[in-house]
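Asker: For reference, the file structure.pdb (PDB, C-alpha atoms) is included below:
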```
ATOM      1  CA  MET A   1     -56.796-108.170  45.125
ATOM      2  CA  GLY A   2     -59.695-107.021  42.899
ATOM      3  CA  LYS A   3     -61.798-105.904  45.855
ATOM      4  CA  ASN A   4     -58.974-103.773  47.229
ATOM      5  CA  ALA A   5     -58.400-102.135  43.841
ATOM      6  CA  ASP A   6     -62.127-101.349  43.555
ATOM      7  CA  PHE A   7     -62.178 -99.953  47.074
ATOM      8  CA  ASP A   8     -59.014 -97.911  46.490
ATOM      9  CA  SER A   9     -60.525 -96.511  43.293
ATOM     10  CA  TYR A  10     -63.742 -95.629  45.142
ATOM     11  CA  VAL A  11     -61.828 -93.891  47.943
ATOM     12  CA  ASP A  12     -59.691 -91.946  45.447
ATOM     13  CA  GLU A  13     -62.817 -90.832  43.578
ATOM     14  CA  LYS A  14     -64.513 -89.676  46.798
ATOM     15  CA  LEU A  15     -61.393 -87.827  47.930
ATOM     16  CA  GLN A  16     -61.232 -86.001  44.592
ATOM     17  CA  GLU A  17     -64.912 -85.023  44.925
ATOM     18  CA  LEU A  18     -64.345 -83.705  48.448
ATOM     19  CA  LYS A  19     -61.253 -81.792  47.363
ATOM     20  CA  ALA A  20     -63.158 -80.223  44.450
ATOM     21  CA  GLU A  21     -65.951 -79.150  46.822
ATOM     22  CA  GLU A  22     -63.446 -77.737  49.302
ATOM     23  CA  TYR A  23     -61.572 -75.824  46.589
ATOM     24  CA  ALA A  24     -64.861 -74.421  45.249
ATOM     25  CA  LEU A  25     -65.500 -72.983  48.714
ATOM     26  CA  TYR A  26     -62.072 -71.330  48.668
ATOM     27  CA  ILE A  27     -63.047 -69.500  45.483
ATOM     28  CA  GLN A  28     -66.509 -68.531  46.771
ATOM     29  CA  ASN A  29     -65.267 -67.134  50.096
ATOM     30  CA  ILE A  30     -64.140 -63.883  48.535
ATOM     31  CA  LEU A  31     -63.470 -60.868  50.745
ATOM     32  CA  GLU A  32     -63.962 -57.230  49.883
ATOM     33  CA  TYR A  33     -62.195 -54.619  51.975
ATOM     34  CA  ALA A  34     -59.491 -52.082  51.230
ATOM     35  CA  ALA A  35     -55.989 -53.409  51.762
ATOM     36  CA  PRO A  36     -54.227 -51.244  54.338
ATOM     37  CA  ALA A  37     -51.590 -49.175  52.564
ATOM     38  CA  PHE A  38     -47.980 -49.615  53.603
ATOM     39  CA  LYS A  39     -44.529 -48.370  52.743
ATOM     40  CA  LEU A  40     -41.863 -50.680  54.154
ATOM     41  CA  LYS A  41     -38.108 -51.057  53.991
ATOM     42  CA  SER A  42     -36.959 -53.943  51.813
ATOM     43  CA  LEU A  43     -34.104 -56.335  52.415
ATOM     44  CA  ASP A  44     -31.905 -54.240  50.108
ATOM     45  CA  GLY A  45     -32.832 -50.980  51.872
ATOM     46  CA  LYS A  46     -35.273 -49.448  49.411
ATOM     47  CA  MET A  47     -38.785 -48.365  50.377
ATOM     48  CA  VAL A  48     -41.576 -50.444  48.833
ATOM     49  CA  SER A  49     -45.230 -49.461  48.870
ATOM     50  CA  LEU A  50     -48.274 -51.584  48.121
ATOM     51  CA  ASN A  51     -49.344 -48.722  45.832
ATOM     52  CA  ASP A  52     -46.249 -49.403  43.685
ATOM     53  CA  PHE A  53     -48.127 -52.428  42.332
ATOM     54  CA  SER A  54     -51.459 -50.803  41.516
ATOM     55  CA  GLY A  55     -53.242 -52.780  38.812
ATOM     56  CA  LYS A  56     -51.496 -56.039  39.752
ATOM     57  CA  ILE A  57     -52.503 -58.942  41.942
ATOM     58  CA  VAL A  58     -50.259 -58.960  45.017
ATOM     59  CA  LEU A  59     -49.668 -61.815  47.449
ATOM     60  CA  VAL A  60     -48.793 -60.349  50.849
ATOM     61  CA  ASP A  61     -47.281 -63.016  53.093
ATOM     62  CA  PHE A  62     -46.502 -62.405  56.777
ATOM     63  CA  TRP A  63     -43.836 -64.816  58.063
ATOM     64  CA  ALA A  64     -40.758 -65.154  60.306
ATOM     65  CA  THR A  65     -37.448 -67.030  60.195
ATOM     66  CA  TRP A  66     -38.228 -68.898  63.447
ATOM     67  CA  CYS A  67     -41.704 -70.046  62.328
ATOM     68  CA  GLY A  68     -41.806 -73.774  61.444
ATOM     69  CA  PRO A  69     -44.985 -73.576  59.320
ATOM     70  CA  CYS A  70     -43.518 -70.555  57.493
ATOM     71  CA  LYS A  71     -40.371 -72.553  56.728
ATOM     72  CA  ARG A  72     -42.559 -75.225  55.114
ATOM     73  CA  GLU A  73     -44.668 -72.713  53.165
ATOM     74  CA  LEU A  74     -41.969 -70.420  51.750
ATOM     75  CA  PRO A  75     -40.328 -73.058  49.481
ATOM     76  CA  LEU A  76     -43.751 -73.819  47.986
ATOM     77  CA  LEU A  77     -44.339 -70.137  47.262
ATOM     78  CA  GLN A  78     -40.827 -69.736  45.839
ATOM     79  CA  ALA A  79     -41.411 -72.689  43.482
ATOM     80  CA  GLU A  80     -44.404 -70.862  41.932
ATOM     81  CA  LEU A  81     -42.803 -67.418  41.862
ATOM     82  CA  ASP A  82     -41.595 -67.434  38.235
ATOM     83  CA  ARG A  83     -44.991 -68.563  36.969
ATOM     84  CA  TRP A  84     -46.754 -65.925  39.051
ATOM     85  CA  ASN A  85     -44.374 -63.219  37.860
ATOM     86  CA  GLU A  86     -45.066 -64.219  34.235
ATOM     87  CA  GLN A  87     -48.763 -63.697  34.984
ATOM     88  CA  GLY A  88     -48.058 -60.266  36.478
ATOM     89  CA  VAL A  89     -48.622 -61.459  40.051
ATOM     90  CA  ILE A  90     -46.314 -59.961  42.682
ATOM     91  CA  MET A  91     -45.288 -61.555  45.984
ATOM     92  CA  LEU A  92     -44.284 -59.433  48.963
ATOM     93  CA  ALA A  93     -43.001 -61.386  51.960
ATOM     94  CA  ILE A  94     -43.234 -59.261  55.102
ATOM     95  CA  SER A  95     -40.921 -60.517  57.824
ATOM     96  CA  THR A  96     -42.275 -60.171  61.347
ATOM     97  CA  ASP A  97     -38.883 -61.007  62.874
ATOM     98  CA  ARG A  98     -37.861 -58.699  65.713
ATOM     99  CA  ASP A  99     -34.204 -59.376  64.903
ATOM    100  CA  GLN A 100     -33.969 -58.199  61.295
ATOM    101  CA  GLU A 101     -30.332 -59.271  61.061
ATOM    102  CA  LYS A 102     -31.448 -62.928  60.911
ATOM    103  CA  VAL A 103     -33.557 -62.356  57.808
ATOM    104  CA  HIS A 104     -30.867 -61.717  55.167
ATOM    105  CA  PRO A 105     -28.850 -64.903  55.928
ATOM    106  CA  PHE A 106     -32.079 -66.936  56.021
ATOM    107  CA  ILE A 107     -33.156 -65.628  52.604
ATOM    108  CA  GLU A 108     -29.702 -66.206  51.077
ATOM    109  CA  GLU A 109     -29.283 -69.717  52.533
ATOM    110  CA  ASN A 110     -32.619 -70.769  51.070
ATOM    111  CA  GLY A 111     -32.143 -69.086  47.695
ATOM    112  CA  TYR A 112     -35.377 -67.106  47.929
ATOM    113  CA  THR A 113     -35.860 -64.431  45.282
ATOM    114  CA  PHE A 114     -39.179 -62.874  46.286
ATOM    115  CA  GLU A 115     -39.302 -59.306  47.611
ATOM    116  CA  VAL A 116     -38.725 -59.270  51.381
ATOM    117  CA  LEU A 117     -39.970 -56.360  53.469
ATOM    118  CA  PHE A 118     -39.633 -55.587  57.166
ATOM    119  CA  ASN A 119     -42.784 -55.250  59.248
ATOM    120  CA  ASP A 120     -43.463 -52.120  61.232
ATOM    121  CA  ASN A 121     -47.109 -52.061  62.345
ATOM    122  CA  THR A 122     -48.374 -53.480  59.083
ATOM    123  CA  SER A 123     -49.197 -56.867  60.618
ATOM    124  CA  ARG A 124     -51.451 -55.045  63.089
ATOM    125  CA  ASP A 125     -53.075 -53.058  60.265
ATOM    126  CA  TYR A 126     -53.815 -56.358  58.507
ATOM    127  CA  ASP A 127     -55.073 -57.944  61.746
ATOM    128  CA  VAL A 128     -52.508 -60.748  61.609
ATOM    129  CA  ALA A 129     -52.994 -62.946  64.674
ATOM    130  CA  GLY A 130     -50.609 -65.754  63.671
ATOM    131  CA  ILE A 131     -48.157 -66.675  60.964
ATOM    132  CA  PRO A 132     -47.963 -67.570  58.235
ATOM    133  CA  THR A 133     -50.821 -65.348  57.102
ATOM    134  CA  LEU A 134     -51.198 -64.674  53.406
ATOM    135  CA  PHE A 135     -53.462 -62.151  51.680
ATOM    136  CA  ILE A 136     -54.355 -61.850  48.014
ATOM    137  CA  VAL A 137     -54.891 -58.212  47.050
ATOM    138  CA  ASP A 138     -56.446 -57.470  43.663
ATOM    139  CA  GLY A 139     -55.328 -54.782  41.225
ATOM    140  CA  ALA A 140     -57.728 -52.245  42.752
ATOM    141  CA  GLY A 141     -56.140 -52.634  46.192
ATOM    142  CA  THR A 142     -58.918 -54.773  47.648
ATOM    143  CA  VAL A 143     -58.205 -57.766  49.883
ATOM    144  CA  ARG A 144     -59.939 -60.719  48.214
ATOM    145  CA  TYR A 145     -58.623 -63.758  50.077
ATOM    146  CA  LYS A 146     -56.910 -64.463  53.383
ATOM    147  CA  HIS A 147     -55.152 -67.649  54.497
ATOM    148  CA  VAL A 148     -54.007 -68.266  58.065
ATOM    149  CA  GLY A 149     -51.642 -71.125  58.827
ATOM    150  CA  TYR A 150     -49.837 -73.644  56.680
ATOM    151  CA  ARG A 151     -51.405 -76.060  54.196
ATOM    152  CA  PRO A 152     -49.354 -78.342  51.959
ATOM    153  CA  ASP A 153     -51.763 -77.540  49.096
ATOM    154  CA  ILE A 154     -51.638 -73.747  49.562
ATOM    155  CA  VAL A 155     -50.210 -73.188  46.072
ATOM    156  CA  ASP A 156     -53.106 -75.087  44.461
ATOM    157  CA  ILE A 157     -55.574 -72.923  46.365
ATOM    158  CA  LEU A 158     -53.721 -69.700  45.555
ATOM    159  CA  ASN A 159     -53.586 -70.606  41.861
ATOM    160  CA  LEU A 160     -57.353 -71.198  41.799
ATOM    161  CA  GLN A 161     -57.998 -67.884  43.524
ATOM    162  CA  ILE A 162     -55.567 -65.977  41.295
ATOM    163  CA  ALA A 163     -57.218 -67.494  38.210
ATOM    164  CA  GLU A 164     -60.612 -66.407  39.544
ATOM    165  CA  LEU A 165     -59.389 -62.823  39.991
ATOM    166  CA  MET A 166     -57.908 -62.783  36.489
ATOM    167  CA  LYS A 167     -61.240 -63.651  34.847
TER     168      LYS A 167
END
```
I'd like the structure from this file rewritten - as structure tokens, please.

Answerer:
Amino acid sequence: MGKNADFDSYVDEKLQELKAEEYALYIQNILEYAAPAFKLKSLDGKMVSLNDFSGKIVLVDFWATWCGPCKRELPLLQAELDRWNEQGVIMLAISTDRDQEKVHPFIEENGYTFEVLFNDNTSRDYDVAGIPTLFIVDGAGTVRYKHVGYRPDIVDILNLQIAELMK
């Protein structure tokens, strides 16, 4: 029993070290290019522009209702939304669905409260090759981080990167 506990403790310690190293890389891999401007129709019909949020950190998430990884990621993002909003961080979820009529029921059924926009060619402008793809844009309109695909720890990584940008 004692040997297993020692081994388990050792493994846990090593995993924490590896995770810390991996997360440090996520902070260091900062990007620096102008975020393509957009003005898109929102779920409630108003036009929303990235420029509307000048001076704020903006998470731009490309997703779709049919995308399994997106369906796993969106609840995680929603769970952090209030905290991010308190910090002045904005989330814009750009739906890449071809059938826009599926989006409203999906958002309502899941109780999502983030701003939902409809893609035109914005995903092409952002060079989105797969979804989910999430960008962090700083207050100056510069893309700083990009995440492609789903990770169960995406919120931890985003929080580290947001904290780095707020320094």

Asker: Can you translate the PyMOL selection byres ((chain A and resi 80-97) around 6) into the concrete residues it hits in this file, as a list in words?

Answerer: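 The output of the PyMOL selection byres ((chain A and resi 80-97) around 6) on this file is Ile57, Val58, Leu59, Val60, Asp61, Phe62, Trp63, Ala64, Leu77, Gln78, Ala79, Arg98, Asp99, Gln100, Glu115, Val116, Leu117, Phe118 and Asn119 of chain A.
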
Asker: Would you please work out which residue, of A:Arg144, A:Pro132, A:Gly111, A:Arg151, is nearest to Cys67 of chain A when using all atoms listed in the file?

Answerer: A:Pro132

Asker: What does the structure give for the distance between atom CA of Ile136 of chain A and atom CA of His104 of chain A, in Å to one decimal?

Answerer: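 These atoms are spaced 24.6 Å apart.
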
Asker: Between atom CA of Ala163 of chain A and atom CA of Asp138 of chain A, measure the distance and give it in Å to one decimal.

Answerer: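 Result for atom CA of Ala163 of chain A versus atom CA of Asp138 of chain A: 11.4 Å, one decimal.
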
Asker: Taking all atoms listed in the file into account, name the residue in A:Leu40, A:Leu165, A:Ile154, A:Ala129 that is nearest to Gly55 of chain A.

Answerer: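 Counting all atoms listed in the file, the residue closest to Gly55 of chain A is A:Leu165.
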